[in-house]
Amino acid sequence: MTSLVSIKNLYKKFPIHGDLLDQISFSGGKFHLKHEYVHAINGVNLDVDKGEALCVVGESGCGKSTVARTVMGLLSPSSGEIQYNGQRIDNLSPTAMMPYRRKMQMIFQNPYASLNPRMTITQALEEPVRWHQPKLNTAEVKEKVAEVMASVGIDPSWGVRFPHEFSGGQRQRISIARALIVDPEFIVADEPISALDVSIQAQVLNLLMDAREQRELTYLFITHDLSVVEHFGTRVAVMYLGALCEVAPTRKLFSSPKHPYTQALLSAIPRLEDEKPDFIRLKGEVPTPVNLPSGCVFHGRCPHANERCKQEIPKLLDVDGTRVACHAVEEKRLG
Amino acid sequence: MALLEVKNLEVKFGLRTGEVTALRDISFTLDRGQRLGIVGESGAGKSVAAFSILNLISRPGYISGGEILFDGKDLAKLSTKEMRYIRGNRISMIFQDPMMTLNPVLTVGDQMVECLQAHTKINREEARRISLEKLKLVQIPSPEKRLDQYPHELSGGMKQRIIIAIALLLNPDIIIADEPTTALDVTIQAEIMDLLLELCTSQNLGLILITHDLGVVSQVTEQAIVMYAGRIIEQGPTKEIINDAQHPYTQGLINALPQQGIPGERLNQIRGSMPPLHRIPQGCAFHPRCDYADAICEKELPGFTQSGGCQAACHLVAGRIALKAKAEETH
């Protein structure tokens, strides 16, 4: 299978040291400048294959949204590359980036914030078409907007309304329509259903699945909800503190999770058939991404950590069809 | 008699355009040691129900009918002063967002001492000793250190533990937890839920857990209430509701969960969305979204029908039970 989007050795850090005066510190009789960074992504390698729905899961602060934004070119990587169809895109000029912007679209988490409150739905949907396909005349644009609106289950006659007149689920449908309207190949969805109610979540997930089938879309789906992943994803990447722990086909990951963090995460899903909370208890809390732990980022909380885990950063290695970054798995101490 | 008995509670909000009824006909009971879950989507009225128990509904909302009997007294009729004795002391509340609940300019210890001193005549040392004891109870790591820390120095999970500790300070009979883990990650959520469950058993607390997550309800509670558009539509033992829901809405809600679906297949969705309170349809509020809706559903508000241990407000269930009874009679 060919990969549509490749993330190659991606690093992203955000400076938090402020401007010059904030950086100055005094110690040992000398002034020096202090530089501090949040290390949001630390060496992520990930290929998104054509036609798949790759889900990136992890807890808040693990860098999953940063990955999404860097792939889309909304953030530029500190080092590493993003490739689209084999072509490097992270260093392109805005003009050179234009054709890729049409092929890659994003759906955001909060439909209350992602639609312009002062534009009607028709205006909001027409804008990207006019921008990306200037050759279309007014009638053709209108026809396209109506067609996409109908396909996401929004009555085209509602186009004259403003976003505040719609419910959360309807707004998210409109955001999806706005992404689909330029006929993209690749969609990055950053927690698209987290702000919605259960019955509406199901509607929006179904819509996204239908769109994938009809338009042969490829998804990079960012979420913290593992039960959605189990249902929606074809492949899952689990992130912890800016690094990938495990990448595996969905069924494989849920039936035999290898990484100790994945195991803990899966055990914490509240399931209907559970009698009481039953989960693998991790010690401590997620360390700060400002001062990353040495070696494996998970070692401080891992029940299987040894000396090597504290020193050496584990690589993603193939273990029976799963790619997992864990010394314990590699040394066959685990699973 | 049960410790807390809510009878036909009705809450209205007066708006410029007229009054809307946010809650109607809410009845349930709770004793020490019992755990009750209230489930529903946003706008179903589950938080209003929780707030009205503590008489925390502020204008333009008011309790327009029904009784909230606690220890035989009607909380809706108490004076502000009498109510202050109940709040935090006999019934305490845990709110959704741990970041918003704690005062950012006071240390954890100060907030706990303040709460104790507001309710009891107690000196600072004694109050700190009790605070420390409660922090240990919620299994917070290095509790001595936490007393002198500010909320921003703590993680979300730890903040929620502290809020639970504050709720426990005065040994209440009942704790109301309004979406206590919605703002937290799954692994932290599991820990907090486990803690709440353990505390309820060890301290013999009554718990009202408000959540939209059916998985959490099934893990933690014994009794459950499902709400839709301001009314209870189904209530009964949690196990029965989860395994054998009677009301089409409850069934739909359970079937819409991704963990109930076949991976890769379409999910069973409920069409449409919940109506806003000022546009609740006539008859059964769920009928425009219901696959089984009949002519009667459009006209008549369904009453409760007993089915097994559950009660469901649905004409369909009523019809089914009536048929069954008839069949048994002729048998």
# chains A, B, ... in the order shown; residues from 1 in each chain; ligands from 1
call {"tool": "closest_atom_pairs", "arguments": {"of": "chain B", "to": "chain A", "cutoff": "8 Å", "atoms": "only C-alpha atoms", "output": "Markdown table"}}
result
| residue | atom | partner | partner_atom | distance |
| --- | --- | --- | --- | --- |
| B:Glu41 | CA | A:Asp197 | CA | 5.8 |
| B:Ser42 | CA | A:Asp197 | CA | 6.8 |
| B:Asp185 | CA | A:Glu59 | CA | 5.8 |
| B:Val186 | CA | A:Ala268 | CA | 5.9 |
| B:Thr187 | CA | A:Ala268 | CA | 5.3 |
| B:Gln189 | CA | A:Ala268 | CA | 7.9 |
| B:Ala190 | CA | A:Ala268 | CA | 5.6 |
| B:Glu191 | CA | A:Arg281 | CA | 7.5 |
| B:Met193 | CA | A:Pro277 | CA | 6.9 |
| B:Asp194 | CA | A:Pro277 | CA | 5.6 |
| B:His212 | CA | A:Val198 | CA | 7.8 |
| B:Leu214 | CA | A:Leu272 | CA | 6.8 |
| B:Gly215 | CA | A:Leu272 | CA | 4.6 |
| B:Val216 | CA | A:Pro270 | CA | 5.6 |
| B:Ser218 | CA | A:Leu272 | CA | 5.6 |
| B:Gln219 | CA | A:Lys276 | CA | 4.2 |
| B:Val220 | CA | A:Lys276 | CA | 5.9 |
| B:Ile242 | CA | A:Leu272 | CA | 7.0 |
| B:Gly252 | CA | A:Ser199 | CA | 7.6 |
| B:Leu253 | CA | A:Ser199 | CA | 6.0 |
| B:Ala256 | CA | A:Ala202 | CA | 5.6 |
| B:Leu257 | CA | A:Val198 | CA | 6.9 |
| B:Pro258 | CA | A:Val228 | CA | 5.6 |
| B:Gln259 | CA | A:Ser227 | CA | 5.5 |
| B:Gly261 | CA | A:His231 | CA | 7.0 |
| B:Ile262 | CA | A:His231 | CA | 6.9 |
| B:Pro263 | CA | A:His231 | CA | 4.2 |
| B:Gly264 | CA | A:His231 | CA | 5.7 |
| B:Glu265 | CA | A:His231 | CA | 7.8 |
| B:Arg266 | CA | A:Asn206 | CA | 5.5 |
| B:Leu267 | CA | A:Ala202 | CA | 5.9 |
| B:Asn268 | CA | A:Ala202 | CA | 7.0 |
| B:Gln269 | CA | A:Ala202 | CA | 5.3 |
| B:Ile270 | CA | A:Ser199 | CA | 5.8 |
| B:Arg271 | CA | A:Gln203 | CA | 7.6 |
| B:Ser273 | CA | A:Ile200 | CA | 7.1 |
call {"tool": "residues_around", "arguments": {"residues": "Leu195 (chain B)", "least_positions_apart": "2", "cutoff": "12 Å", "atoms": "only C-alpha atoms", "output": "ChimeraX atom specification"}}
result
/A:276-278 /B:136-140,157,160-162,164-165,180-181,188-193,197-203,220
call {"tool": "residues_around", "arguments": {"residues": "Asn171 (chain B)", "least_positions_apart": "2", "cutoff": "10 Å", "atoms": "only C-alpha atoms", "output": "mmCIF file with N, CA and C atoms, in the first residue's frame"}}
result
data_model
loop_
_atom_site.group_PDB
_atom_site.id
_atom_site.type_symbol
_atom_site.label_atom_id
_atom_site.label_comp_id
_atom_site.auth_asym_id
_atom_site.auth_seq_id
_atom_site.Cartn_x
_atom_site.Cartn_y
_atom_site.Cartn_z
ATOM 1 N N GLY B 88 -23.227 21.430 52.154
ATOM 2 C CA GLY B 88 -21.857 21.179 52.569
ATOM 3 C C GLY B 88 -21.775 20.370 53.844
ATOM 4 N N ASN B 89 -22.800 20.501 54.679
ATOM 5 C CA ASN B 89 -22.788 19.854 55.981
ATOM 6 C C ASN B 89 -23.458 18.491 55.917
ATOM 7 N N ARG B 90 -24.694 18.481 55.446
ATOM 8 C CA ARG B 90 -25.434 17.223 55.330
ATOM 9 C C ARG B 90 -25.406 16.713 53.895
ATOM 10 N N ILE B 91 -25.525 17.620 52.942
ATOM 11 C CA ILE B 91 -25.461 17.240 51.526
ATOM 12 C C ILE B 91 -24.368 18.092 50.901
ATOM 13 N N SER B 92 -23.386 17.479 50.268
ATOM 14 C CA SER B 92 -22.379 18.319 49.620
ATOM 15 C C SER B 92 -22.300 17.975 48.143
ATOM 16 N N LYS B 134 -8.763 14.086 55.820
ATOM 17 C CA LYS B 134 -9.612 13.879 54.647
ATOM 18 C C LYS B 134 -8.766 13.747 53.378
ATOM 19 N N ILE B 166 -12.814 18.066 50.175
ATOM 20 C CA ILE B 166 -13.572 19.199 50.728
ATOM 21 C C ILE B 166 -15.036 18.802 50.927
ATOM 22 N N ALA B 167 -15.570 18.062 49.955
ATOM 23 C CA ALA B 167 -16.961 17.630 50.071
ATOM 24 C C ALA B 167 -17.157 16.716 51.279
ATOM 25 N N LEU B 168 -16.090 16.000 51.660
ATOM 26 C CA LEU B 168 -16.209 15.050 52.770
ATOM 27 C C LEU B 168 -15.925 15.677 54.131
ATOM 28 N N LEU B 169 -15.418 16.932 54.135
ATOM 29 C CA LEU B 169 -14.923 17.555 55.363
ATOM 30 C C LEU B 169 -15.877 17.432 56.548
ATOM 31 N N ASP B 173 -24.132 13.278 54.619
ATOM 32 C CA ASP B 173 -24.875 12.035 54.415
ATOM 33 C C ASP B 173 -24.943 11.704 52.936
ATOM 34 N N ILE B 174 -25.000 12.765 52.127
ATOM 35 C CA ILE B 174 -25.199 12.566 50.697
ATOM 36 C C ILE B 174 -24.209 13.436 49.924
ATOM 37 N N ILE B 175 -23.663 12.879 48.855
ATOM 38 C CA ILE B 175 -22.831 13.668 47.954
ATOM 39 C C ILE B 175 -23.496 13.696 46.585
ATOM 40 N N GLN B 203 -17.632 5.030 53.908
ATOM 41 C CA GLN B 203 -18.200 6.099 54.735
ATOM 42 C C GLN B 203 -19.723 6.020 54.799
ATOM 43 N N LEU B 205 -21.966 6.601 52.450
ATOM 44 C CA LEU B 205 -22.505 7.830 51.867
ATOM 45 C C LEU B 205 -23.580 7.515 50.843
#
call {"tool": "atom_distance", "arguments": {"atom1": "CA of Pro172 (chain B)", "atom2": "CA of Leu132 (chain B)"}}
result
17.1 Å
call {"tool": "select_by_dssp", "arguments": {"residues": "region 155-205 of chain B", "states": "strand (DSSP E or B)", "output": "ChimeraX atom specification"}}
result
/B:174-178
call {"tool": "select_by_dssp", "arguments": {"residues": "region 65-280 of chain A", "states": "alpha helix (DSSP H)", "output": "PyMOL selection string"}}
result
chain A and resi 65-72+94-103+121-132+138-151+168-180+198-215+226-232+250-255+260-267
call {"tool": "residues_around", "arguments": {"residues": "Ser78 (chain A)", "least_positions_apart": "3", "cutoff": "7 Å", "atoms": "only C-alpha atoms", "output": "VMD selection string"}}
result
chain A and resid 11 to 13
call {"tool": "write_last_selection", "arguments": {"atoms": "C-alpha atoms", "output": "mmCIF file, in the first residue's frame"}}
result
data_model
loop_
_atom_site.group_PDB
_atom_site.id
_atom_site.type_symbol
_atom_site.label_atom_id
_atom_site.label_comp_id
_atom_site.auth_asym_id
_atom_site.auth_seq_id
_atom_site.Cartn_x
_atom_site.Cartn_y
_atom_site.Cartn_z
ATOM 1 C CA TYR A 11 9.858 17.187 16.476
ATOM 2 C CA LYS A 12 7.946 20.204 17.686
ATOM 3 C CA LYS A 13 8.858 22.358 20.640
#
call {"tool": "residues_around", "arguments": {"residues": "Arg84 (chain B)", "least_positions_apart": "3", "cutoff": "12 Å", "atoms": "only C-alpha atoms", "output": "ChimeraX atom specification"}}
result
/B:54-56,75,78-81,87-92,115,118-119
call {"tool": "atom_distance", "arguments": {"atom1": "CA of Arg59 (chain B)", "atom2": "CA of Leu102 (chain B)"}}
result
24.0 Å
call {"tool": "decode", "arguments": {"residues": "region 258-270 of chain B", "atoms": "N, CA and C atoms", "output": "PDB file, in the first residue's frame"}}
result
ATOM      1  N   PRO B 258     -20.526   3.491  20.542  1.00  0.00           N
ATOM      2  CA  PRO B 258     -19.653   2.767  19.622  1.00  0.00           C
ATOM      3  C   PRO B 258     -19.293   1.374  20.127  1.00  0.00           C
ATOM      4  N   GLN B 259     -19.202   1.185  21.462  1.00  0.00           N
ATOM      5  CA  GLN B 259     -18.823  -0.150  21.947  1.00  0.00           C
ATOM      6  C   GLN B 259     -19.916  -1.182  21.745  1.00  0.00           C
ATOM      7  N   GLN B 260     -21.142  -0.725  21.427  1.00  0.00           N
ATOM      8  CA  GLN B 260     -22.224  -1.669  21.164  1.00  0.00           C
ATOM      9  C   GLN B 260     -22.298  -2.045  19.684  1.00  0.00           C
ATOM     10  N   GLY B 261     -21.654  -1.246  18.832  1.00  0.00           N
ATOM     11  CA  GLY B 261     -21.764  -1.473  17.395  1.00  0.00           C
ATOM     12  C   GLY B 261     -20.763  -2.507  16.906  1.00  0.00           C
ATOM     13  N   ILE B 262     -20.934  -2.918  15.649  1.00  0.00           N
ATOM     14  CA  ILE B 262     -19.963  -3.811  15.032  1.00  0.00           C
ATOM     15  C   ILE B 262     -18.898  -2.914  14.410  1.00  0.00           C
ATOM     16  N   PRO B 263     -17.611  -3.126  14.753  1.00  0.00           N
ATOM     17  CA  PRO B 263     -16.580  -2.234  14.218  1.00  0.00           C
ATOM     18  C   PRO B 263     -16.665  -2.101  12.700  1.00  0.00           C
ATOM     19  N   GLY B 264     -16.579  -0.870  12.225  1.00  0.00           N
ATOM     20  CA  GLY B 264     -16.596  -0.623  10.791  1.00  0.00           C
ATOM     21  C   GLY B 264     -17.984  -0.484  10.198  1.00  0.00           C
ATOM     22  N   GLU B 265     -19.016  -0.953  10.926  1.00  0.00           N
ATOM     23  CA  GLU B 265     -20.383  -0.817  10.425  1.00  0.00           C
ATOM     24  C   GLU B 265     -20.970   0.500  10.914  1.00  0.00           C
ATOM     25  N   ARG B 266     -22.077   0.918  10.285  1.00  0.00           N
ATOM     26  CA  ARG B 266     -22.750   2.127  10.744  1.00  0.00           C
ATOM     27  C   ARG B 266     -23.281   1.923  12.159  1.00  0.00           C
ATOM     28  N   LEU B 267     -23.259   3.000  12.941  1.00  0.00           N
ATOM     29  CA  LEU B 267     -23.809   2.923  14.288  1.00  0.00           C
ATOM     30  C   LEU B 267     -25.317   3.080  14.224  1.00  0.00           C
ATOM     31  N   ASN B 268     -26.000   2.553  15.267  1.00  0.00           N
ATOM     32  CA  ASN B 268     -27.441   2.757  15.343  1.00  0.00           C
ATOM     33  C   ASN B 268     -27.691   4.138  15.900  1.00  0.00           C
ATOM     34  N   GLN B 269     -28.095   5.042  15.059  1.00  0.00           N
ATOM     35  CA  GLN B 269     -28.283   6.392  15.541  1.00  0.00           C
ATOM     36  C   GLN B 269     -29.745   6.673  15.854  1.00  0.00           C
ATOM     37  N   ILE B 270     -29.977   7.662  16.732  1.00  0.00           N
ATOM     38  CA  ILE B 270     -31.333   8.167  16.947  1.00  0.00           C
ATOM     39  C   ILE B 270     -31.433   9.390  16.053  1.00  0.00           C
TER      40      ILE B 270
END
